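Data block for start-v2.cif (mmCIF, C-alpha atoms):
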```cif
data_protein
#
loop_
_atom_site.label_atom_id
_atom_site.label_comp_id
_atom_site.auth_asym_id
_atom_site.auth_seq_id
_atom_site.Cartn_x
_atom_site.Cartn_y
_atom_site.Cartn_z
CA MET A 1 28.77 -85.39 -30.25
CA ASN A 2 29.20 -81.75 -30.66
CA THR A 3 27.90 -79.55 -27.90
CA LEU A 4 26.74 -76.02 -28.74
CA VAL A 5 27.64 -73.54 -26.06
CA GLN A 6 25.45 -70.40 -26.11
CA SER A 7 27.05 -67.25 -24.77
CA SER A 8 25.05 -65.36 -22.18
CA THR A 9 26.14 -62.00 -23.63
CA PRO A 10 25.49 -61.30 -27.29
CA ALA A 11 28.65 -60.56 -29.20
CA THR A 12 27.03 -57.64 -30.96
CA ALA A 13 26.01 -55.79 -27.71
CA GLU A 14 26.77 -52.03 -27.79
CA LYS A 15 28.93 -50.41 -25.13
CA PRO A 16 27.18 -47.80 -22.95
CA VAL A 17 27.95 -44.22 -23.94
CA ALA A 18 29.29 -42.07 -21.11
CA PRO A 19 27.28 -38.85 -20.58
CA ARG A 20 28.91 -35.72 -21.86
CA ARG A 21 30.36 -33.68 -19.02
CA ARG A 22 29.22 -30.13 -18.74
CA ARG A 23 31.82 -27.44 -18.95
CA SER A 24 32.56 -26.12 -15.52
CA SER A 25 31.50 -22.53 -14.95
CA VAL A 26 34.04 -22.06 -12.17
CA GLY A 27 36.21 -19.08 -13.01
CA TYR A 28 33.59 -17.60 -15.34
CA PRO A 29 31.51 -15.25 -13.14
CA ARG A 30 28.08 -14.29 -14.33
CA ILE A 31 28.48 -10.59 -15.04
CA THR A 32 25.04 -9.95 -16.54
CA PRO A 33 23.44 -8.67 -13.28
CA TYR A 34 26.39 -6.35 -12.75
CA LEU A 35 26.03 -4.98 -16.26
CA PHE A 36 22.41 -4.11 -15.55
CA LEU A 37 23.39 -2.50 -12.24
CA MET A 38 26.31 -0.60 -13.72
CA PRO A 39 24.36 2.57 -14.70
CA MET A 40 22.96 2.89 -11.18
CA ILE A 41 26.37 2.18 -9.63
CA LEU A 42 27.99 4.84 -11.81
CA LEU A 43 25.30 7.37 -10.89
CA PHE A 44 25.72 6.58 -7.19
CA VAL A 45 29.50 6.92 -7.36
CA GLY A 46 29.37 10.10 -9.43
CA PHE A 47 26.58 11.94 -7.62
CA LYS A 48 26.71 10.47 -4.08
CA LEU A 49 29.98 8.81 -3.12
CA TYR A 50 32.32 11.23 -4.87
CA PRO A 51 30.66 14.36 -3.38
CA TYR A 52 30.87 12.80 0.10
CA ILE A 53 34.58 12.06 -0.28
CA SER A 54 35.26 15.41 -1.92
CA ALA A 55 33.42 17.32 0.82
CA PHE A 56 35.35 15.45 3.52
CA TRP A 57 38.64 16.28 1.83
CA LEU A 58 37.50 19.89 1.50
CA SER A 59 36.79 20.01 5.23
CA LEU A 60 40.48 19.25 5.82
CA THR A 61 41.65 22.24 3.77
CA LYS A 62 41.64 26.02 4.01
CA ASN A 63 41.99 28.87 1.56
CA VAL A 64 45.15 30.91 2.02
CA GLY A 65 45.63 33.75 -0.45
CA GLY A 66 43.53 32.04 -3.06
CA GLU A 67 45.42 28.75 -2.69
CA VAL A 68 43.88 25.64 -1.12
CA GLU A 69 46.14 24.21 1.56
CA PHE A 70 45.84 21.13 3.74
CA ALA A 71 44.75 22.14 7.26
CA GLY A 72 44.13 18.82 8.96
CA LEU A 73 41.53 19.07 11.73
CA GLU A 74 41.85 22.85 12.03
CA ASN A 75 38.31 23.49 10.74
CA TYR A 76 36.87 21.01 13.25
CA THR A 77 38.74 22.51 16.19
CA ARG A 78 37.55 25.93 15.04
CA LEU A 79 34.00 24.61 14.91
CA ILE A 80 34.17 23.32 18.49
CA ALA A 81 35.13 26.81 19.70
CA ASP A 82 32.66 28.71 17.48
CA PRO A 83 29.87 30.31 19.60
CA LEU A 84 27.83 31.19 16.49
CA PHE A 85 27.66 27.51 15.53
CA TYR A 86 26.24 26.67 18.95
CA LYS A 87 23.80 29.55 18.58
CA ALA A 88 22.62 28.14 15.24
CA LEU A 89 22.43 24.64 16.73
CA ALA A 90 20.36 25.89 19.68
CA ASN A 91 17.95 27.75 17.36
CA THR A 92 17.53 24.62 15.27
CA GLY A 93 16.96 22.50 18.38
CA ILE A 94 14.29 24.86 19.73
CA ILE A 95 12.37 24.80 16.46
CA LEU A 96 12.70 21.00 16.35
CA LEU A 97 11.43 20.44 19.90
CA VAL A 98 8.45 22.78 19.41
CA GLN A 99 7.41 22.28 15.81
CA VAL A 100 7.74 18.52 15.29
CA PRO A 101 5.51 17.40 18.23
CA ILE A 102 2.83 19.99 17.36
CA MET A 103 2.86 18.95 13.70
CA LEU A 104 2.69 15.21 14.36
CA VAL A 105 -0.09 15.50 16.95
CA LEU A 106 -2.15 17.59 14.51
CA ALA A 107 -1.39 15.05 11.76
CA ILE A 108 -2.73 12.19 13.91
CA VAL A 109 -5.89 14.17 14.70
CA LEU A 110 -6.42 14.91 11.01
CA ALA A 111 -5.82 11.27 10.06
CA VAL A 112 -8.47 10.13 12.55
CA ALA A 113 -10.88 12.70 11.10
CA PHE A 114 -10.10 11.67 7.51
CA ASN A 115 -10.76 8.04 8.43
CA SER A 116 -14.09 8.74 10.12
CA VAL A 117 -17.28 7.73 8.34
CA LEU A 118 -18.96 10.81 9.85
CA LEU A 119 -16.85 13.16 7.70
CA LYS A 120 -18.56 14.14 4.47
CA ILE A 121 -16.67 14.48 1.16
CA ARG A 122 -13.58 12.97 2.74
CA SER A 123 -11.68 12.93 -0.57
CA PHE A 124 -11.96 16.72 -0.80
CA TRP A 125 -10.59 17.29 2.70
CA ARG A 126 -7.75 14.84 2.20
CA THR A 127 -6.72 16.60 -1.00
CA ALA A 128 -7.12 20.07 0.53
CA TYR A 129 -4.81 19.30 3.44
CA PHE A 130 -2.26 17.59 1.19
CA VAL A 131 -2.03 20.48 -1.29
CA PRO A 132 0.40 22.63 0.80
CA ILE A 133 3.19 20.06 0.41
CA VAL A 134 2.97 20.56 -3.36
CA MET A 135 3.76 24.28 -3.05
CA GLY A 136 7.43 25.16 -3.49
CA LEU A 137 9.43 26.02 -0.37
CA VAL A 138 10.40 29.49 -1.58
CA ALA A 139 6.87 30.22 -2.81
CA TYR A 140 5.19 29.42 0.48
CA GLY A 141 7.97 31.25 2.36
CA ILE A 142 7.19 34.40 0.41
CA LEU A 143 3.48 33.86 1.09
CA PHE A 144 4.01 33.68 4.86
CA ARG A 145 6.39 36.62 4.81
CA ALA A 146 3.57 38.67 3.29
CA LEU A 147 1.04 37.32 5.79
CA PHE A 148 3.29 38.10 8.79
CA ASN A 149 4.35 41.56 7.63
CA THR A 150 4.19 43.85 10.67
CA ASN A 151 2.58 46.83 8.95
CA GLU A 152 0.67 45.42 6.00
CA GLY A 153 0.30 41.74 6.78
CA PHE A 154 -3.10 40.06 6.75
CA VAL A 155 -2.50 38.38 10.14
CA ASN A 156 -1.89 41.70 11.90
CA TYR A 157 -4.91 43.15 10.10
CA LEU A 158 -7.09 40.46 11.67
CA ILE A 159 -5.48 41.07 15.06
CA SER A 160 -6.08 44.82 14.86
CA PHE A 161 -9.64 44.17 13.70
CA ILE A 162 -10.44 42.56 17.06
CA GLY A 163 -8.76 45.40 18.95
CA LEU A 164 -5.31 43.95 19.73
CA SER A 165 -1.92 45.54 19.05
CA PRO A 166 0.03 44.35 16.00
CA ILE A 167 2.63 41.66 16.65
CA PRO A 168 6.18 42.11 15.28
CA TRP A 169 6.16 38.63 13.75
CA LEU A 170 9.42 38.88 11.84
CA GLY A 171 11.12 41.60 13.89
CA ASP A 172 11.11 40.01 17.35
CA PRO A 173 13.37 37.02 18.21
CA LEU A 174 10.56 35.04 19.84
CA TRP A 175 7.84 35.81 17.32
CA ALA A 176 10.23 35.14 14.43
CA LYS A 177 10.66 31.56 15.69
CA VAL A 178 6.89 31.29 16.13
CA SER A 179 6.41 32.41 12.51
CA ILE A 180 8.74 29.70 11.26
CA VAL A 181 6.98 27.06 13.38
CA ILE A 182 3.56 28.12 12.05
CA ALA A 183 4.75 28.11 8.44
CA MET A 184 6.37 24.67 8.72
CA THR A 185 3.36 23.20 10.50
CA TRP A 186 1.04 24.45 7.74
CA HIS A 187 3.28 23.06 5.03
CA TYR A 188 4.07 19.58 6.36
CA THR A 189 1.11 18.53 8.54
CA GLY A 190 -1.02 17.30 5.63
CA GLN A 191 1.74 15.08 4.30
CA ASN A 192 2.18 13.35 7.65
CA ALA A 193 -1.60 13.04 8.03
CA ILE A 194 -1.80 11.11 4.75
CA ILE A 195 0.99 8.78 5.94
CA TYR A 196 -0.92 8.12 9.17
CA LEU A 197 -4.15 7.62 7.25
CA ALA A 198 -2.54 4.97 5.03
CA GLN A 199 -1.23 3.14 8.10
CA MET A 200 -4.55 3.50 9.92
CA GLN A 201 -6.46 1.83 7.10
CA SER A 202 -4.29 -1.26 7.50
CA ILE A 203 -5.53 -1.76 11.09
CA GLY A 204 -8.06 -4.60 11.15
CA GLY A 205 -11.66 -3.60 11.83
CA GLU A 206 -12.14 -6.65 14.02
CA LEU A 207 -9.84 -5.05 16.62
CA TYR A 208 -12.20 -2.09 16.96
CA GLU A 209 -15.20 -4.41 17.08
CA ALA A 210 -13.63 -6.50 19.83
CA ALA A 211 -12.77 -3.38 21.83
CA HIS A 212 -16.32 -2.07 21.36
CA VAL A 213 -17.78 -5.38 22.54
CA ASP A 214 -15.55 -5.23 25.62
CA GLY A 215 -17.07 -1.82 26.44
CA ALA A 216 -14.09 0.36 25.47
CA SER A 217 -14.90 4.03 24.91
CA ALA A 218 -13.87 5.94 21.79
CA TRP A 219 -10.83 7.34 23.59
CA GLN A 220 -9.83 3.88 24.85
CA ARG A 221 -10.14 2.44 21.34
CA PHE A 222 -7.94 5.22 20.03
CA TRP A 223 -5.34 4.79 22.79
CA HIS A 224 -5.19 0.97 22.81
CA VAL A 225 -5.91 0.14 19.16
CA THR A 226 -5.20 3.11 16.88
CA LEU A 227 -1.97 4.39 18.42
CA PRO A 228 -0.27 0.96 18.64
CA GLY A 229 -1.29 0.35 15.03
CA LEU A 230 0.24 3.67 14.01
CA ARG A 231 3.60 2.90 15.63
CA PRO A 232 5.52 2.12 12.36
CA ALA A 233 4.25 5.32 10.75
CA ILE A 234 5.01 7.35 13.87
CA VAL A 235 8.59 6.05 13.94
CA LEU A 236 9.00 6.94 10.27
CA THR A 237 7.57 10.46 10.54
CA VAL A 238 9.46 11.28 13.75
CA ILE A 239 12.79 10.35 12.18
CA LEU A 240 12.09 12.04 8.84
CA SER A 241 10.77 15.20 10.52
CA THR A 242 13.79 15.34 12.82
CA ILE A 243 16.21 15.00 9.92
CA GLY A 244 14.34 17.60 7.86
CA THR A 245 14.22 20.12 10.71
CA LEU A 246 17.91 19.71 11.53
CA GLN A 247 18.61 20.55 7.87
CA LEU A 248 16.25 23.55 8.00
CA PHE A 249 17.21 26.29 5.55
CA ASP A 250 14.47 27.53 3.23
CA GLU A 251 11.97 28.88 5.76
CA PRO A 252 14.36 31.01 7.87
CA TYR A 253 16.21 32.15 4.75
CA VAL A 254 13.06 33.42 3.04
CA LEU A 255 11.09 34.57 6.10
CA THR A 256 13.71 36.18 8.35
CA ASN A 257 17.12 35.69 6.69
CA GLY A 258 18.35 34.37 10.02
CA GLY A 259 17.37 37.48 11.98
CA PRO A 260 16.69 39.37 14.01
CA ASP A 261 20.12 39.26 15.66
CA ASN A 262 20.68 35.64 14.52
CA ALA A 263 17.60 34.53 16.46
CA THR A 264 16.50 32.28 13.61
CA LEU A 265 19.93 31.36 12.27
CA THR A 266 19.96 27.59 11.71
CA VAL A 267 22.85 25.22 11.06
CA GLY A 268 21.84 24.98 7.41
CA MET A 269 21.87 28.77 7.06
CA TYR A 270 25.21 29.03 8.85
CA LEU A 271 26.68 26.46 6.46
CA TYR A 272 25.33 28.43 3.50
CA GLN A 273 26.73 31.72 4.76
CA ASN A 274 30.23 30.33 5.25
CA GLY A 275 30.25 28.58 1.90
CA PHE A 276 28.55 31.01 -0.45
CA LYS A 277 28.82 34.34 1.33
CA PHE A 278 32.31 34.17 2.85
CA PHE A 279 33.58 31.48 0.39
CA ASP A 280 35.09 29.49 3.25
CA PHE A 281 34.23 26.13 1.74
CA GLY A 282 36.52 24.17 4.03
CA TYR A 283 34.77 25.40 7.15
CA ALA A 284 31.36 24.99 5.52
CA SER A 285 32.20 21.36 4.72
CA ALA A 286 33.24 20.80 8.34
CA ILE A 287 29.85 22.21 9.45
CA GLY A 288 28.13 19.83 7.03
CA TYR A 289 29.93 16.79 8.39
CA ALA A 290 29.28 17.87 11.97
CA LEU A 291 25.59 18.15 11.13
CA THR A 292 25.68 14.70 9.51
CA ILE A 293 27.13 13.18 12.68
CA ILE A 294 24.51 14.95 14.84
CA ILE A 295 21.68 13.69 12.61
CA GLY A 296 23.06 10.14 12.67
CA VAL A 297 23.40 10.08 16.46
CA ILE A 298 19.90 11.48 17.05
CA SER A 299 18.36 9.05 14.55
CA LEU A 300 20.05 6.08 16.22
CA ILE A 301 18.86 7.25 19.64
CA GLN A 302 15.29 7.57 18.34
CA LEU A 303 15.38 4.11 16.79
CA ARG A 304 16.75 2.65 20.02
CA LEU A 305 14.07 4.36 22.13
CA PHE A 306 11.22 3.22 19.89
CA LYS A 307 12.65 -0.30 19.83
CA GLU A 308 12.84 -0.47 23.62
CA LYS A 309 9.28 0.84 24.01
CA SER A 310 7.95 -1.68 21.52
#
```
With the file now loaded, output its structure as structure tokens.
Amino acid sequence: MNTLVQSSTPATAEKPVAPRRRRSSVGYPRITPYLFLMPMILLFVGFKLYPYISAFWLSLTKNVGGEVEFAGLENYTRLIADPLFYKALANTGIILLVQVPIMLVLAIVLAVAFNSVLLKIRSFWRTAYFVPIVMGLVAYGILFRALFNTNEGFVNYLISFIGLSPIPWLGDPLWAKVSIVIAMTWHYTGQNAIIYLAQMQSIGGELYEAAHVDGASAWQRFWHVTLPGLRPAIVLTVILSTIGTLQLFDEPYVLTNGGPDNATLTVGMYLYQNGFKFFDFGYASAIGYALTIIIGVISLIQLRLFKEKS
């Protein structure tokens, strides 16, 4: 008797097909993002990095008989012993310590006023105080030079109208600095006020309501709610204003040309004079790098102080 044996696996069963392996991308970097970034990288190298390196190399050279020669650190040692550089640095520091606090305090006051519901046509006042920043630096410098003219200026006309003696705004060392401080405050206060206003509008209204419920006065609400809320904007404006004032050039150049008797000579003006008046580009580059180091150190100190206070 024949026995039929049935196989458990059909003879015609197909073999499983192994999945196709993907080609490894190792060794083939994705360069597409770098291609998109390449125009910006080239612009940065050509207009930022190369000038920095070139200026540093220039600060290590000097001009001898029309030929550029390597001088090492000679320009920097000369800078350390230059009394006129310290004079320019002191003038810049005085303007910084006087003008920046006045400007930022006025900007905070204006921002509070702009944010008040009691102020009518607030959009008009915000625009009016922001307009000065749109005016060119040279243009507004010429305007203030005409206003502060000793003999024919409008400011002295108003002073004489009330019976006071004319003030030598641009001819006296003290009043020349005051003129620059007034001009800079007029030009930049509105810009900082708008920055504070934008930050102030991000402060939650419930904080003011809670302070009001707790019986806090208007001054207490400002001191304990508004000022802490303005801290990021204050840090920003303090650092930017410090950097801008340390680089001060346009206002003293147009208003006083660094006079009288170098009383308003700033580091920026001193750099310009050495580079484009005396054509000592090596020494001017050394002044520029010294100013860069000073700005960096002061900015780091400010950031550290604000961080510790917060």
- request: Carefully work through the PyMOL selection byres ((chain A and resi 273-277) around 12) for this structure and note down the residues it includes, as a ChimeraX atom specification.
  value: /A:55,58-59,62-63,75,79,84-85,88,249,253,257-258,265-272,278-288
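Residue nearest Ile234 of chain A, chosen from A:Gln191, A:Asn115, A:Ser165, A:Gln199 and counting all atoms listed in the file: A:Gln199.
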query: On this structure, which residues satisfy the PyMOL selection byres ((chain A and resi 238) around 10), written as a VMD selection string?
result: chain A and resid 100 to 101 104 192 233 to 237 239 to 244 299 302 to 303
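The gap separating atom CA of Trp186 of chain A from atom CA of Glu152 of chain A is 21.0 Å, in Å to one decimal.
Residue nearest Ile180 of chain A, chosen from A:Leu246, A:Leu305, A:Leu255, A:Met40 and counting all atoms listed in the file: A:Leu255.
Straight-line separation from atom CA of Pro260 of chain A to atom CA of Ala176 of chain A: 7.7 Å.
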query: Can you tell me, as a ChimeraX atom specification, what residues are no more than 10 Å from Leu230 of chain A when counting all atoms listed in the file, ignoring any on the same chain fewer than 6 positions away?
result: /A:108,195-203
field: Shell around Leu207 of chain A at 12 Å using only C-alpha atoms, local window under 3 positions removed, as a list in words
entry: Ser202, Ile203, Gly204, Ala210, Ala211, His212, Val213, Asp214, Ala216, Arg221, Phe222, His224, Val225, Thr226, Pro228 and Gly229 of chain A
